[in-house]
Structure formats: structure tokens, C-alpha cells
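Structure file entry.cif; described as mmCIF, C-alpha atoms.
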```
data_protein
loop_
_atom_site.label_atom_id
_atom_site.label_comp_id
_atom_site.auth_asym_id
_atom_site.auth_seq_id
_atom_site.Cartn_x
_atom_site.Cartn_y
_atom_site.Cartn_z
CA MET G 1 5.78 5.12 8.12
CA THR G 2 3.56 4.60 11.13
CA ASP G 3 0.93 1.93 10.65
CA PRO G 4 -1.94 2.02 13.17
CA ALA G 5 -2.82 -1.57 12.30
CA PRO G 6 -3.04 -4.05 15.15
CA ASP G 7 -0.25 -6.56 15.75
CA VAL G 8 -2.57 -9.47 14.95
CA ASP G 9 -4.59 -9.55 11.75
CA ASP G 10 -8.25 -10.56 11.80
CA ARG G 11 -7.13 -13.62 9.85
CA SER G 12 -5.60 -15.32 12.87
CA ARG G 13 -2.71 -16.84 10.89
CA VAL G 14 -1.28 -13.42 9.91
CA ARG G 15 0.41 -10.91 12.20
CA ARG G 16 2.99 -8.14 12.00
CA GLY G 17 6.62 -9.21 11.92
CA ARG G 18 8.68 -8.91 15.11
CA PRO G 19 12.43 -8.73 15.72
CA GLY G 20 12.36 -12.25 17.20
CA ASP G 21 11.05 -13.62 13.89
CA ARG G 22 14.32 -12.91 12.12
CA PRO G 23 15.93 -16.40 12.39
CA ALA G 24 12.80 -18.16 11.09
CA LEU G 25 12.29 -15.62 8.30
CA ARG G 26 15.94 -15.87 7.25
CA ARG G 27 15.45 -19.63 6.83
CA LEU G 28 12.37 -18.98 4.68
CA GLN G 29 14.23 -16.28 2.77
CA SER G 30 16.76 -18.84 1.54
CA ALA G 31 14.04 -20.22 -0.77
CA LEU G 32 13.82 -16.95 -2.72
CA ARG G 33 15.56 -16.39 -6.06
CA GLU G 34 16.70 -12.87 -5.10
CA PRO G 35 16.64 -12.51 -1.29
CA SER G 36 17.39 -9.20 0.37
CA PRO G 37 18.79 -10.01 3.82
CA ASP G 38 19.70 -6.38 4.54
CA LEU G 39 16.15 -5.21 3.83
CA LEU G 40 14.72 -7.95 6.05
CA ARG G 41 17.15 -7.06 8.86
CA HIS G 42 16.14 -3.38 8.58
CA ALA G 43 12.43 -4.21 8.50
CA LEU G 44 12.67 -6.31 11.67
CA ALA G 45 14.89 -3.92 13.59
CA PRO G 46 13.74 -3.17 17.15
CA GLY G 47 11.31 -0.29 16.97
CA GLY G 48 10.32 -1.20 13.42
CA GLY G 49 12.15 -0.52 10.18
CA ALA G 50 11.05 2.85 8.88
CA GLY G 51 9.55 2.59 5.41
CA THR G 52 8.99 -1.18 5.54
CA ARG G 53 6.23 -3.57 6.48
CA VAL G 54 6.49 -7.25 7.38
CA PHE G 55 3.54 -9.59 7.72
CA VAL G 56 4.07 -13.13 9.00
CA SER G 57 1.94 -16.23 8.46
CA THR G 58 2.08 -18.48 11.50
CA ALA G 59 1.36 -22.09 12.38
CA ALA G 60 1.72 -23.93 15.67
CA ASP G 61 5.46 -24.26 15.13
CA GLY G 62 6.01 -20.55 14.35
CA PRO G 63 6.42 -18.47 11.18
CA VAL G 64 5.80 -20.40 7.96
CA GLY G 65 5.65 -17.50 5.52
CA TYR G 66 6.09 -13.77 5.24
CA LEU G 67 5.61 -10.72 3.06
CA LEU G 68 8.12 -7.87 3.09
CA ALA G 69 7.14 -4.57 1.50
CA GLY G 70 8.80 -1.21 1.20
CA ASP G 71 6.86 2.04 1.45
CA GLY G 72 7.70 4.87 -0.91
CA GLU G 73 5.82 6.58 -3.69
CA ASP G 74 4.62 3.06 -4.43
CA VAL G 75 4.36 0.18 -2.00
CA HIS G 76 6.63 -2.53 -3.38
CA VAL G 77 6.34 -6.17 -2.35
CA ALA G 78 10.01 -7.08 -2.15
CA GLU G 79 9.57 -10.63 -0.85
CA LEU G 80 6.70 -13.09 -0.44
CA VAL G 81 7.42 -16.68 0.51
CA VAL G 82 5.60 -19.59 2.15
CA ALA G 83 7.31 -22.78 3.32
CA PRO G 84 6.63 -25.68 0.91
CA ALA G 85 4.73 -27.72 3.51
CA TYR G 86 2.27 -24.82 3.98
CA ARG G 87 1.61 -23.90 0.36
CA ARG G 88 -1.81 -24.29 -1.24
CA GLN G 89 -3.49 -23.27 2.04
CA GLY G 90 -4.23 -19.65 1.08
CA ARG G 91 -1.36 -18.26 3.15
CA ALA G 92 0.22 -16.17 0.38
CA ASP G 93 -3.21 -14.71 -0.38
CA GLU G 94 -3.72 -13.88 3.31
CA LEU G 95 -0.34 -12.17 3.50
CA LEU G 96 -1.03 -10.14 0.38
CA GLY G 97 -4.50 -9.30 1.70
CA ALA G 98 -3.04 -8.04 4.99
CA LEU G 99 -0.86 -5.61 3.06
CA LEU G 100 -3.60 -4.49 0.67
CA ASP G 101 -6.01 -3.91 3.57
CA ARG G 102 -3.52 -1.43 5.06
CA VAL G 103 -2.66 0.49 1.91
CA ALA G 104 -5.89 2.44 1.80
CA ASP G 105 -4.53 5.66 0.35
CA GLY G 106 -4.85 4.73 -3.33
CA ARG G 107 -1.13 4.24 -3.84
CA ARG G 108 0.13 1.76 -6.38
CA VAL G 109 1.28 -1.62 -5.09
CA THR G 110 3.98 -3.27 -7.22
CA LEU G 111 5.87 -6.54 -7.29
CA LEU G 112 8.18 -8.54 -9.53
CA VAL G 113 7.57 -12.17 -10.47
CA ALA G 114 9.21 -14.71 -12.74
CA PRO G 115 7.13 -15.19 -15.91
CA ASP G 116 7.19 -18.98 -15.41
CA ASN G 117 5.88 -18.86 -11.82
CA ALA G 118 2.32 -19.90 -12.65
CA PRO G 119 1.07 -20.25 -9.04
CA ALA G 120 2.27 -16.74 -8.14
CA LEU G 121 0.88 -15.23 -11.34
CA SER G 122 -2.49 -16.84 -10.63
CA LEU G 123 -2.53 -15.37 -7.11
CA TYR G 124 -1.59 -11.89 -8.29
CA ARG G 125 -4.15 -11.91 -11.09
CA SER G 126 -6.83 -12.98 -8.59
CA ARG G 127 -5.92 -9.83 -6.63
CA ASP G 128 -6.25 -7.63 -9.76
CA PHE G 129 -2.56 -7.09 -10.40
CA GLU G 130 -1.81 -6.29 -14.03
CA ARG G 131 1.38 -6.33 -16.03
CA ALA G 132 3.09 -2.94 -15.87
CA GLY G 133 6.44 -3.85 -17.40
CA ARG G 134 9.22 -6.36 -17.74
CA ARG G 135 12.75 -6.35 -16.33
CA GLU G 136 15.23 -8.29 -18.42
CA ASP G 137 18.08 -10.06 -16.63
CA PHE G 138 16.48 -9.53 -13.22
CA TYR G 139 16.83 -13.06 -11.82
CA ASP G 140 20.48 -13.95 -12.60
CA GLY G 141 19.93 -13.45 -16.31
CA ALA G 142 16.25 -14.38 -16.37
CA PRO G 143 13.44 -11.82 -16.79
CA ALA G 144 10.85 -10.68 -14.27
CA LEU G 145 7.41 -9.23 -14.86
CA LEU G 146 6.49 -6.03 -13.04
CA LEU G 147 2.89 -6.26 -11.83
CA ALA G 148 0.92 -3.42 -10.27
CA ARG G 149 -2.50 -2.41 -8.95
CA ARG G 150 -4.01 0.47 -7.03
CA ALA G 151 -4.76 -0.18 -3.39
#
```

Before we go any further, please render this structure as C-alpha cells.
Amino acid sequence: MTDPAPDVDDRSRVRRGRPGDRPALRRLQSALREPSPDLLRHALAPGGGAGTRVFVSTAADGPVGYLLAGDGEDVHVAELVVAPAYRRQGRADELLGALLDRVADGRRVTLLVAPDNAPALSLYRSRDFERAGRREDFYDGAPALLLARRA
């Protein structure tokens, strides 16, 4: 899907992902419970990964967080991670906001989250995500909540 959005977000810490970001994002991806390295590789392919979006949160030393979403009937947030040293600075909210600002066609935005991840649940609720289901045995035998909202 072609996204006419600029490379740099108006929130100066967020920009579109680039192929050169892959090593840094792979390091961040290792902190996720269910990483998808193939999806990340596709999304950062030269020329852009069709059907995916990557937003990167940056600091002086480079990428410190990212959001990876897949476009389909719904827009699904597949991965959202911020390095521990940069948490509690609003970066995850900025990344999510960058995606929501660009999904202006009324489609549903979905994501999965562990029920015990209180900080993430608080963020998603603040952005009007609501519970839309539950996936048992999603995280190596542990459940995940499916959250959704209209863009």
C-alpha cells in the first residue's frame, strides 16, 4: 500500500523505517515475546515492504523503538517495542499515534497484548482500544487479548 506520508513525522522522534534500520530493529525485536523476523525483513526491504508499515522512534544514538503493522482488511500492529532505557518517555504512544494518524480510512486497527502487561494495556486504553477477543495459548501457552479500535 502506498503511503503518501512524509519520511519524518511531525513528532521529531518518529520517522518511517528504512532498510538501514534493520540491525538496530532486530536487536530491539529480541525483547519481544513473539518476534516475527521475516515480517520485519519484508517490511524493511528496499523499496518498502508491500502491505506493511514501520515507524521508528529515534534518539541521538539511533533507533530506540519501533512499530510494525500489516495492512489488510484491518491494520494489525504486529510489533511495538521500546528499549528499556527509553520507556516512560511517551515513545510507544508517539509510535502508535504515527500509525493512527495515517489510517484515516475508518479501518479497524487491531493488536494482541498479554493480559498481564499493565503498561501496554494502559497505553492502548488511552488510545480507545477495546477488547475484541482473546487468543488462548498465543504466547507459548499463555493467552493474549485482542484489542481493536476504528481509525

I would like the residues chosen by the PyMOL selection byres ((chain G and resi 149) around 7) on the shown file; could you give them as an MDAnalysis selection string?
-> chainID G and resid 108:110 128:130 148 150:151

Pick out the residues sitting within 7 Å of range 69-83 of chain G, and hand them over as a PyMOL selection string; count all atoms listed in the file, and ignore anything fewer than 5 positions along from it in its own chain.
-> chain G and resi 28+51-54+64+92+107-111

Please write as an MDAnalysis selection string the list of polymer residues whose atoms come within 12 Å of (8.0, -17.1, -14.4), counting all atoms listed in the file and keeping to the coordinates of the file.
-> chainID G and resid 33 112:122 134:135 138:139 142:146

Apply the PyMOL selection byres ((chain G and resi 37) around 12) to the file shown and report the selected residues as a PyMOL selection string.
-> chain G and resi 22-23+25-30+32+34-36+38-44+68+78-79

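Between CA of Arg102 in chain G and CA of Val14 in chain G lies a distance of 13.1 Å.
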
Separation of CA of Ala98 in chain G and CA of Ser126 in chain G, in Å?
->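 Here the two named atoms are 14.9 Å from each other.
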
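Selection check: the PyMOL selection byres ((chain G and resi 93-97) around 8) on the shown file gives Arg11, Val14, Phe55, Val56, Ser57, Tyr66, Leu67, Gly90, Arg91, Ala92, Ala98, Leu99, Leu100, Asp101 and Leu123 of chain G.
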
Using all atoms listed in the file, find the one residue out of G:Arg18, G:Arg13, G:Arg125, G:Arg87 that sits nearest to Ala60 in chain G.
->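 Of G:Arg18, G:Arg13, G:Arg125, G:Arg87, the one nearest Ala60 in chain G, counting all atoms listed in the file, is G:Arg13.
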
By how many Å are CA of Arg16 in chain G and CA of Gly65 in chain G apart?
->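 Computed distance, CA of Arg16 in chain G to CA of Gly65 in chain G, equals 11.7 Å.
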
Box centre and edge lengths (Å, one decimal), axis-aligned, range 105-114 of chain G plus 8 Å each side, as AutoDock Vina command-line options:
```
--center_x 2.2 --center_y -4.5 --center_z -6.2 --size_x 30.1 --size_y 36.4 --size_z 29.1
```

Would you mind telling me which residue in G:Ala132, G:Ala31, G:Ala24, G:Gly141 lies nearest to Pro84 in chain G when using all atoms listed in the file?
->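 Among the listed residues, G:Ala31 lies closest to Pro84 in chain G.
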
So, counting all atoms listed in the file, which residue among G:Asp105, G:Gly47, G:Arg127, G:Gly17 is closest to Leu147 in chain G?
->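 Of all the options, G:Arg127 lies closest to Leu147 in chain G.
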
Among listed residues G:Arg15, G:Gly106, G:Ala59, G:Arg131, nearest Tyr86 in chain G (using all atoms listed in the file) = G:Ala59

Selected residue, from G:Asp137, G:Pro19, G:Ala104, G:Gly62, that lies nearest to Pro46 in chain G when counting all atoms listed in the file =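 Among the listed residues, the smallest separation from Pro46 in chain G belongs to G:Pro19.
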
Repaired coordinates for range 89-116 of chain G (N, CA and C atoms) as a PDB file, in the coordinates of the input:
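Result file result-v3.pdb:
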```
ATOM      1  N   GLN G  89      -2.568 -23.436   0.910  1.00  0.00           N
ATOM      2  CA  GLN G  89      -3.490 -23.270   2.040  1.00  0.00           C
ATOM      3  C   GLN G  89      -4.050 -21.847   2.093  1.00  0.00           C
ATOM      4  N   GLY G  90      -3.752 -21.032   1.093  1.00  0.00           N
ATOM      5  CA  GLY G  90      -4.230 -19.650   1.080  1.00  0.00           C
ATOM      6  C   GLY G  90      -3.359 -18.687   1.860  1.00  0.00           C
ATOM      7  N   ARG G  91      -2.203 -19.115   2.316  1.00  0.00           N
ATOM      8  CA  ARG G  91      -1.360 -18.260   3.150  1.00  0.00           C
ATOM      9  C   ARG G  91      -0.779 -17.072   2.381  1.00  0.00           C
ATOM     10  N   ALA G  92      -0.315 -17.290   1.170  1.00  0.00           N
ATOM     11  CA  ALA G  92       0.220 -16.170   0.380  1.00  0.00           C
ATOM     12  C   ALA G  92      -0.875 -15.143   0.120  1.00  0.00           C
ATOM     13  N   ASP G  93      -2.080 -15.615  -0.167  1.00  0.00           N
ATOM     14  CA  ASP G  93      -3.210 -14.710  -0.380  1.00  0.00           C
ATOM     15  C   ASP G  93      -3.530 -13.927   0.892  1.00  0.00           C
ATOM     16  N   GLU G  94      -3.473 -14.575   2.036  1.00  0.00           N
ATOM     17  CA  GLU G  94      -3.720 -13.880   3.310  1.00  0.00           C
ATOM     18  C   GLU G  94      -2.660 -12.821   3.583  1.00  0.00           C
ATOM     19  N   LEU G  95      -1.407 -13.145   3.302  1.00  0.00           N
ATOM     20  CA  LEU G  95      -0.340 -12.170   3.500  1.00  0.00           C
ATOM     21  C   LEU G  95      -0.519 -10.969   2.584  1.00  0.00           C
ATOM     22  N   LEU G  96      -0.810 -11.229   1.328  1.00  0.00           N
ATOM     23  CA  LEU G  96      -1.030 -10.140   0.380  1.00  0.00           C
ATOM     24  C   LEU G  96      -2.259  -9.327   0.785  1.00  0.00           C
ATOM     25  N   GLY G  97      -3.307  -9.999   1.233  1.00  0.00           N
ATOM     26  CA  GLY G  97      -4.500  -9.300   1.700  1.00  0.00           C
ATOM     27  C   GLY G  97      -4.235  -8.408   2.894  1.00  0.00           C
ATOM     28  N   ALA G  98      -3.381  -8.866   3.814  1.00  0.00           N
ATOM     29  CA  ALA G  98      -3.040  -8.040   4.990  1.00  0.00           C
ATOM     30  C   ALA G  98      -2.376  -6.745   4.549  1.00  0.00           C
ATOM     31  N   LEU G  99      -1.497  -6.819   3.562  1.00  0.00           N
ATOM     32  CA  LEU G  99      -0.860  -5.610   3.060  1.00  0.00           C
ATOM     33  C   LEU G  99      -1.884  -4.721   2.349  1.00  0.00           C
ATOM     34  N   LEU G 100      -2.646  -5.284   1.441  1.00  0.00           N
ATOM     35  CA  LEU G 100      -3.600  -4.490   0.670  1.00  0.00           C
ATOM     36  C   LEU G 100      -4.643  -3.819   1.560  1.00  0.00           C
ATOM     37  N   ASP G 101      -5.038  -4.488   2.633  1.00  0.00           N
ATOM     38  CA  ASP G 101      -6.010  -3.910   3.570  1.00  0.00           C
ATOM     39  C   ASP G 101      -5.460  -2.650   4.248  1.00  0.00           C
ATOM     40  N   ARG G 102      -4.134  -2.549   4.336  1.00  0.00           N
ATOM     41  CA  ARG G 102      -3.520  -1.430   5.060  1.00  0.00           C
ATOM     42  C   ARG G 102      -3.004  -0.328   4.147  1.00  0.00           C
ATOM     43  N   VAL G 103      -3.064  -0.548   2.863  1.00  0.00           N
ATOM     44  CA  VAL G 103      -2.660   0.490   1.910  1.00  0.00           C
ATOM     45  C   VAL G 103      -3.958   1.084   1.354  1.00  0.00           C
ATOM     46  N   ALA G 104      -4.571   1.917   2.140  1.00  0.00           N
ATOM     47  CA  ALA G 104      -5.890   2.440   1.800  1.00  0.00           C
ATOM     48  C   ALA G 104      -5.836   3.831   1.199  1.00  0.00           C
ATOM     49  N   ASP G 105      -4.659   4.291   0.833  1.00  0.00           N
ATOM     50  CA  ASP G 105      -4.530   5.660   0.350  1.00  0.00           C
ATOM     51  C   ASP G 105      -4.464   5.761  -1.167  1.00  0.00           C
ATOM     52  N   GLY G 106      -4.811   4.689  -1.871  1.00  0.00           N
ATOM     53  CA  GLY G 106      -4.850   4.730  -3.330  1.00  0.00           C
ATOM     54  C   GLY G 106      -3.498   4.626  -4.004  1.00  0.00           C
ATOM     55  N   ARG G 107      -2.444   4.391  -3.225  1.00  0.00           N
ATOM     56  CA  ARG G 107      -1.130   4.240  -3.840  1.00  0.00           C
ATOM     57  C   ARG G 107      -1.071   2.967  -4.676  1.00  0.00           C
ATOM     58  N   ARG G 108      -0.094   2.928  -5.540  1.00  0.00           N
ATOM     59  CA  ARG G 108       0.130   1.760  -6.380  1.00  0.00           C
ATOM     60  C   ARG G 108       0.937   0.746  -5.577  1.00  0.00           C
ATOM     61  N   VAL G 109       0.555  -0.514  -5.685  1.00  0.00           N
ATOM     62  CA  VAL G 109       1.280  -1.620  -5.090  1.00  0.00           C
ATOM     63  C   VAL G 109       1.924  -2.382  -6.243  1.00  0.00           C
ATOM     64  N   THR G 110       3.243  -2.608  -6.156  1.00  0.00           N
ATOM     65  CA  THR G 110       3.980  -3.270  -7.220  1.00  0.00           C
ATOM     66  C   THR G 110       4.700  -4.505  -6.698  1.00  0.00           C
ATOM     67  N   LEU G 111       5.072  -5.372  -7.612  1.00  0.00           N
ATOM     68  CA  LEU G 111       5.870  -6.540  -7.290  1.00  0.00           C
ATOM     69  C   LEU G 111       6.498  -7.069  -8.564  1.00  0.00           C
ATOM     70  N   LEU G 112       7.517  -7.880  -8.412  1.00  0.00           N
ATOM     71  CA  LEU G 112       8.180  -8.540  -9.530  1.00  0.00           C
ATOM     72  C   LEU G 112       8.005 -10.041  -9.378  1.00  0.00           C
ATOM     73  N   VAL G 113       7.785 -10.728 -10.496  1.00  0.00           N
ATOM     74  CA  VAL G 113       7.570 -12.170 -10.470  1.00  0.00           C
ATOM     75  C   VAL G 113       8.173 -12.791 -11.727  1.00  0.00           C
ATOM     76  N   ALA G 114       8.685 -13.994 -11.588  1.00  0.00           N
ATOM     77  CA  ALA G 114       9.210 -14.710 -12.740  1.00  0.00           C
ATOM     78  C   ALA G 114       8.054 -15.081 -13.668  1.00  0.00           C
ATOM     79  N   PRO G 115       8.218 -14.891 -14.972  1.00  0.00           N
ATOM     80  CA  PRO G 115       7.130 -15.190 -15.910  1.00  0.00           C
ATOM     81  C   PRO G 115       6.680 -16.647 -15.898  1.00  0.00           C
ATOM     82  N   ASP G 116       7.538 -17.564 -15.442  1.00  0.00           N
ATOM     83  CA  ASP G 116       7.190 -18.980 -15.410  1.00  0.00           C
ATOM     84  C   ASP G 116       6.638 -19.437 -14.058  1.00  0.00           C
TER      85      ASP G 116
END
```
